[in-house]
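Notes follow once the structure below has been shown.
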Amino acid sequence: MKANRLVISMVFTAAAAMARASGPPGPCCTPGAKDAAPEAVISNRSVYQLGATWSDDAGKPTPLASLQGSAVLLAMFFTNCEYACPMVVGEMKRIQEGLPVALRARTRLVLVSFDSDRDSPATLRLYRGRMGLGDDWVLLHGQSDDVRELAMVLGVKFAKDSRGQFAHSNLITVLNPEGEIAFQRAGLTGDISAAIKALTVAAQ
Amino acid sequence: MAYVPAGVYSPLFGGKNSPRQVGVPAFFLDVRPVTNAEFLGFVRANPNWRRSDVSPIFAESGYLGNWSGDLELGPRAQADSPVVQVSWFAARAYARWRGMRLPTTAEWERAASAGFMTENGSTEAAYREAVLKWLSVPAPLRLPPAGSGRPDVFGVRDLVDLVWEWVDDFNTARLADESGDAPGLDSNLVCGAAGAGVRDFTNYPAFLRSEFRSSLDATYAVPSLGFRCARSP
């Protein structure tokens with residue numbers, strides 16, 4: 001019992017210490033930085049500090065920082081997901097359709113796959129066609145190490161099961177043009193107005 | 001590093017889609033946790049991991065909070081004691097800097113289940129006592145030196161009696177058995193559900209480790225939580 005209390009008090013200590021340090025990130029060695037850090041100055045709360053290189057569904061190297069400047073609606077998914085992911089994509093479409101027309105052009109919809117082994121760029125390409133995703137959708141494949149790091153930054157939990165399927169949290173994230181998390185919604189369905197509002201603010 | 005031969009890991013939690021035992025390929029594991037002195041070397045070489053410069057998305061404000069300064073260990077962080085109050089991101093960055101990685105849960109638990117004399121510590125009274133003894137006392141303000149514990153059968157020290165340790169997939173234990181249904185993440189939020197799905201109630205230390213890991217966030221910089229590195233052969 002003593003040990004139980006120890007664990008709990010340690011976790012509470014951690015949870016309580018939520019005030020954040022500040023200061024700009026250094027030029028090198030951010031987690032995932034296997035390539036040179038992007039030239040542009042990146043906010044120290046930006047997800048784009050993750051320096052990994054991803055591939056889009058055309059096989060083009062695509063650093064996350066290439067999304068800088070756009071409002072982004074992002075979810076993690078995998079193409080063999082039968083139930084949850086198509087619903088998440090549907091929710092993203094609903095959110096997109098709810099945006100004022102002028103803002104849609106400044107918004108990117110990004111899907112990042114958990115499934116580094118099976119979701120090759122070509123597989124993602126097929127998924128794009130199957131789901132009817134337009135040019136404003138970005139589909140990304142990455143190395144499993146980088147997928148885990150991005151998931152940790154976003155707060156997405158996932159685990160591969162023995163059949164090669166993924167259990168995962170369903171989380172839709174709005175990133176502002178600097179790549180900072182502006183809004184997140186958990187769950188498969190629900191109110192989309194808060195996400196639309198967050199994107200509208202981010203895109204202005 | 002110590003060589004841990006291929007073996008099996010029995011996940012503590014399991015549902016219909018998860019196997020009773022998972023094969024763990026052979027791997028190398030640091031014989032002791034990373035020390036303050038070693039982590040200081042990393043921080044010197046990588047200024048963006050200094051306490052005052054680290055990004056708040058990679059480490060909360062308690063990061064290296066027991067050091068006296070950015071590049072000073074001070075009285076509460078002995079050079080040869082395990083580094084603690086490091087986030088998962090920082091631990092991972094250190095491991096990568098050394099050309100290694102964090103162990104997985106399966107690897108870590110596989111190594112930690114070994115006793116002093118055999119590969120199955122649960123059959124050794126002395127081993128069981130050592131584990132429970134550590135769990136029953138609060139962490140000392142000044143941690144003992146890393147590497148001072150009794151080596152297990154693989155030559156690895158301090159796994160179960162010095163600090164808690166990060167693993168690469170620390171937040172996945174409750175997920176793998178839930179796919180196929182709508183992921184039931186809510187059980188993570190409900191205290192009474194903590195024991196649901198547990199297969200071996202006699203392995204209290206493993207249960208505590210699992211609960212502890214599930215409660216972490218990758219930015220947390222918690223006292224008594226350190227790490228060690230692993231690599232594949």
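Chain labels A, B, ... are given in the sequence in which chains occur in the structure tokens; within each chain residues are numbered consecutively from 1, and ligands are likewise numbered from 1 in the order shown.
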
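The residues of range 98-191 of chain B that DSSP assigns to helix (DSSP H, G or I) on this backbone come out as Thr105, Ala106, Glu107, Trp108, Glu109, Arg110, Ala111, Ala112, Gly121, Ser122, Thr123, Ala125, Ala126, Tyr127, Arg128, Glu129, Ala130, Val131, Leu132, Lys133, Trp134, Leu135, Ser136, Leu185, Asp186, Ser187, Asn188 and Cys191 of chain B.
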
Go ahead and write the selection's residues with N, CA and C atoms as a compact mmCIF listing (two decimals), in the first residue's frame.
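Listing of selection02.txt after writing:
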```txt
# COMPACT_ATOMS: atom_id res chain seq x y z
N THR B 105 8.73 -2.41 -23.81
CA THR B 105 8.17 -3.01 -22.59
C THR B 105 8.51 -4.49 -22.52
N ALA B 106 8.33 -5.18 -23.67
CA ALA B 106 8.59 -6.62 -23.69
C ALA B 106 10.06 -6.92 -23.35
N GLU B 107 10.97 -6.15 -23.92
CA GLU B 107 12.39 -6.36 -23.63
C GLU B 107 12.70 -6.08 -22.16
N TRP B 108 12.19 -4.96 -21.68
CA TRP B 108 12.50 -4.56 -20.31
C TRP B 108 11.96 -5.59 -19.32
N GLU B 109 10.72 -5.99 -19.50
CA GLU B 109 10.11 -6.95 -18.57
C GLU B 109 10.77 -8.33 -18.70
N ARG B 110 11.16 -8.67 -19.91
CA ARG B 110 11.89 -9.93 -20.11
C ARG B 110 13.19 -9.92 -19.28
N ALA B 111 13.92 -8.81 -19.36
CA ALA B 111 15.17 -8.71 -18.60
C ALA B 111 14.90 -8.69 -17.10
N ALA B 112 13.84 -7.95 -16.71
CA ALA B 112 13.58 -7.76 -15.28
C ALA B 112 12.96 -9.00 -14.63
N GLY B 121 13.01 -15.14 -12.07
CA GLY B 121 13.22 -14.60 -10.73
C GLY B 121 12.08 -14.91 -9.77
N SER B 122 10.89 -15.19 -10.32
CA SER B 122 9.76 -15.41 -9.42
C SER B 122 9.93 -16.69 -8.60
N THR B 123 10.88 -17.53 -9.00
CA THR B 123 11.11 -18.75 -8.21
C THR B 123 12.22 -18.56 -7.19
N ALA B 125 13.49 -16.72 -3.86
CA ALA B 125 13.02 -15.94 -2.72
C ALA B 125 13.83 -14.66 -2.55
N ALA B 126 15.14 -14.73 -2.72
CA ALA B 126 16.00 -13.56 -2.50
C ALA B 126 15.66 -12.46 -3.50
N TYR B 127 15.35 -12.88 -4.71
CA TYR B 127 15.02 -11.91 -5.75
C TYR B 127 13.68 -11.24 -5.44
N ARG B 128 12.70 -12.06 -5.12
CA ARG B 128 11.37 -11.50 -4.80
C ARG B 128 11.47 -10.51 -3.65
N GLU B 129 12.27 -10.85 -2.65
CA GLU B 129 12.43 -9.97 -1.49
C GLU B 129 13.06 -8.64 -1.89
N ALA B 130 14.06 -8.71 -2.76
CA ALA B 130 14.76 -7.48 -3.18
C ALA B 130 13.78 -6.54 -3.89
N VAL B 131 12.94 -7.12 -4.73
CA VAL B 131 11.99 -6.30 -5.48
C VAL B 131 10.98 -5.65 -4.54
N LEU B 132 10.40 -6.45 -3.66
CA LEU B 132 9.36 -5.92 -2.77
C LEU B 132 9.94 -4.94 -1.78
N LYS B 133 11.18 -5.15 -1.38
CA LYS B 133 11.81 -4.24 -0.43
C LYS B 133 11.91 -2.84 -1.04
N TRP B 134 12.31 -2.79 -2.30
CA TRP B 134 12.44 -1.48 -2.94
C TRP B 134 11.08 -0.80 -3.06
N LEU B 135 10.08 -1.58 -3.43
CA LEU B 135 8.75 -1.01 -3.61
C LEU B 135 8.15 -0.50 -2.31
N SER B 136 8.64 -1.02 -1.17
CA SER B 136 8.00 -0.70 0.09
C SER B 136 8.59 0.51 0.79
N LEU B 185 -10.85 3.51 -24.31
CA LEU B 185 -9.83 4.22 -23.54
C LEU B 185 -10.34 4.66 -22.18
N ASP B 186 -11.64 4.69 -22.04
CA ASP B 186 -12.17 5.19 -20.78
C ASP B 186 -11.72 4.37 -19.58
N SER B 187 -11.41 3.08 -19.82
CA SER B 187 -10.96 2.27 -18.69
C SER B 187 -9.67 2.83 -18.09
N ASN B 188 -8.93 3.60 -18.89
CA ASN B 188 -7.71 4.23 -18.36
C ASN B 188 -8.05 5.34 -17.38
N CYS B 191 -10.55 4.44 -12.08
CA CYS B 191 -9.65 3.77 -11.16
C CYS B 191 -10.07 2.33 -10.89
```

Problem - Shell around range 112-119 of chain A at 12 Å using only C-alpha atoms, local window under 2 positions removed, as JSON, numbers by chain - result: {"A": [54, 55, 56, 57, 59, 62, 64, 73, 74, 75, 76, 77, 78, 79, 80, 81, 85, 89, 109, 110, 121, 122, 123, 124, 125, 126, 127, 128, 137, 138, 139, 140, 141, 142, 143, 144, 145, 146, 147, 148, 149, 150, 151, 154, 156, 157, 158, 159, 160, 161, 164, 165, 166, 167, 168, 169, 171, 172, 173]}

Just C-alpha atoms for this one: save the residues we selected as a short mmCIF file (atom, residue, chain, number, x, y, z; two decimals), in the first residue's frame.
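Heads up, here's the output in again.cif:
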```cif
data_model
loop_
_atom_site.label_atom_id
_atom_site.label_comp_id
_atom_site.auth_asym_id
_atom_site.auth_seq_id
_atom_site.Cartn_x
_atom_site.Cartn_y
_atom_site.Cartn_z
CA TRP A 54 7.84 11.64 -44.12
CA SER A 55 6.65 10.54 -47.54
CA ASP A 56 3.42 11.70 -49.08
CA ASP A 57 1.30 9.34 -51.15
CA GLY A 59 6.45 9.20 -52.55
CA THR A 62 7.59 15.72 -46.92
CA LEU A 64 6.03 18.18 -41.29
CA LEU A 73 -6.61 19.47 -39.43
CA LEU A 74 -4.72 16.27 -38.60
CA ALA A 75 -5.52 12.72 -37.54
CA MET A 76 -3.53 9.51 -37.27
CA PHE A 77 -5.04 6.44 -38.91
CA PHE A 78 -4.26 3.30 -40.93
CA THR A 79 -5.80 2.14 -44.17
CA ASN A 80 -6.76 -1.35 -42.94
CA CYS A 81 -8.86 0.20 -40.19
CA CYS A 85 -10.70 5.61 -39.22
CA VAL A 89 -12.06 10.88 -42.10
CA LEU A 109 -6.23 18.00 -44.05
CA VAL A 110 -3.51 15.62 -42.97
CA PRO A 121 2.88 5.66 -50.34
CA ALA A 122 1.24 3.52 -53.05
CA THR A 123 -1.24 2.08 -50.54
CA LEU A 124 -2.01 5.57 -49.29
CA ARG A 125 -2.55 6.63 -52.91
CA LEU A 126 -5.18 3.93 -53.32
CA TYR A 127 -6.82 5.02 -50.09
CA ARG A 128 -7.00 8.60 -51.38
CA TRP A 137 -5.52 16.25 -48.27
CA VAL A 138 -1.98 15.21 -47.35
CA LEU A 139 -1.40 11.51 -46.62
CA LEU A 140 1.85 10.67 -44.85
CA HIS A 141 3.91 7.53 -44.37
CA GLY A 142 6.80 7.53 -41.88
CA GLN A 143 9.24 5.28 -40.05
CA SER A 144 7.78 3.58 -36.98
CA ASP A 145 10.14 5.50 -34.70
CA ASP A 146 8.90 8.80 -36.09
CA VAL A 147 5.26 7.70 -35.96
CA ARG A 148 5.63 6.98 -32.25
CA GLU A 149 7.25 10.32 -31.57
CA LEU A 150 4.54 12.25 -33.42
CA ALA A 151 1.86 10.27 -31.59
CA LEU A 154 -0.09 14.78 -30.11
CA VAL A 156 -2.36 9.77 -29.45
CA LYS A 157 -2.07 6.29 -27.92
CA PHE A 158 -1.73 3.31 -30.20
CA ALA A 159 -0.65 -0.32 -30.10
CA LYS A 160 -0.32 -2.96 -32.75
CA ASP A 161 -2.11 -6.21 -31.98
CA GLY A 164 -1.25 -6.40 -37.33
CA GLN A 165 -4.23 -4.15 -36.65
CA PHE A 166 -3.87 -1.05 -34.49
CA ALA A 167 -5.79 -0.05 -31.42
CA HIS A 168 -5.64 3.71 -31.19
CA SER A 169 -7.22 6.76 -29.69
CA LEU A 171 -8.13 12.29 -31.92
CA ILE A 172 -8.56 15.12 -34.38
CA THR A 173 -6.04 17.93 -33.94
#
```

Problem - Residue set, range 64-138 of chain A restricted to strand (DSSP E), as a list in words - result: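 Matching residues for strand (DSSP E) in range 64-138 of chain A are Ala71, Val72, Leu73, Leu74, Ala75, Met76, Phe77, Thr107, Arg108, Leu109, Val110, Leu111, Val112, Ser113, Trp137 and Val138 of chain A.
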
With N, CA and C atoms retained, write the just-selected residues as a short mmCIF file (atom, residue, chain, number, x, y, z; two decimals), in the first residue's frame.
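File out.cif, as written:
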```cif
data_model
loop_
_atom_site.label_atom_id
_atom_site.label_comp_id
_atom_site.auth_asym_id
_atom_site.auth_seq_id
_atom_site.Cartn_x
_atom_site.Cartn_y
_atom_site.Cartn_z
N ALA A 71 -3.36 26.39 -41.92
CA ALA A 71 -4.10 25.80 -40.81
C ALA A 71 -4.25 24.32 -41.14
N VAL A 72 -4.06 23.47 -40.14
CA VAL A 72 -4.02 22.03 -40.40
C VAL A 72 -5.03 21.30 -39.51
N LEU A 73 -5.75 20.40 -40.15
CA LEU A 73 -6.61 19.47 -39.43
C LEU A 73 -5.96 18.10 -39.59
N LEU A 74 -5.56 17.47 -38.50
CA LEU A 74 -4.72 16.27 -38.60
C LEU A 74 -5.28 15.12 -37.76
N ALA A 75 -5.19 13.92 -38.32
CA ALA A 75 -5.52 12.72 -37.54
C ALA A 75 -4.53 11.63 -37.91
N MET A 76 -4.33 10.69 -36.98
CA MET A 76 -3.53 9.51 -37.27
C MET A 76 -4.48 8.34 -37.52
N PHE A 77 -4.11 7.47 -38.43
CA PHE A 77 -5.04 6.44 -38.91
C PHE A 77 -4.24 5.30 -39.53
N THR A 107 -6.45 25.75 -45.68
CA THR A 107 -6.49 24.65 -44.72
C THR A 107 -6.03 23.35 -45.37
N ARG A 108 -5.18 22.63 -44.66
CA ARG A 108 -4.75 21.30 -45.13
C ARG A 108 -5.35 20.25 -44.22
N LEU A 109 -5.72 19.13 -44.83
CA LEU A 109 -6.23 18.00 -44.05
C LEU A 109 -5.18 16.90 -44.13
N VAL A 110 -4.68 16.50 -42.99
CA VAL A 110 -3.51 15.62 -42.97
C VAL A 110 -3.85 14.30 -42.26
N LEU A 111 -3.54 13.20 -42.93
CA LEU A 111 -3.69 11.87 -42.33
C LEU A 111 -2.31 11.23 -42.24
N VAL A 112 -1.92 10.83 -41.03
CA VAL A 112 -0.62 10.20 -40.83
C VAL A 112 -0.86 8.75 -40.42
N SER A 113 -0.24 7.82 -41.13
CA SER A 113 -0.50 6.41 -40.87
C SER A 113 0.31 5.86 -39.70
N TRP A 137 -5.85 17.30 -49.24
CA TRP A 137 -5.52 16.25 -48.27
C TRP A 137 -4.07 15.81 -48.46
N VAL A 138 -3.36 15.68 -47.33
CA VAL A 138 -1.98 15.21 -47.35
C VAL A 138 -1.94 13.88 -46.59
#
```

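Take CA of Gln184 in chain A and CA of Ala105 in chain A: the distance between them is 21.1 Å.
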
Practice task
Mind checking which residues fall within 9 Å of Glu119 in chain B, counting only C-alpha atoms, ignoring those fewer than 2 positions away in the same chain, and posting them as a ChimeraX atom specification?
Solution key: /B:110-111,113-117,121,152-154

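Between CA of Arg185 in chain A and CA of Val86 in chain B lies a distance of 28.3 Å.
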
Practice task
Using only C-alpha atoms, pick whichever of A:Ser162, A:Gly187, A:Leu133, A:Ser70 has the shortest atom-to-atom distance to Arg104 in chain A.
Solution key: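 Residue with the minimum atom-to-atom distance to Arg104 in chain A: A:Ser70.
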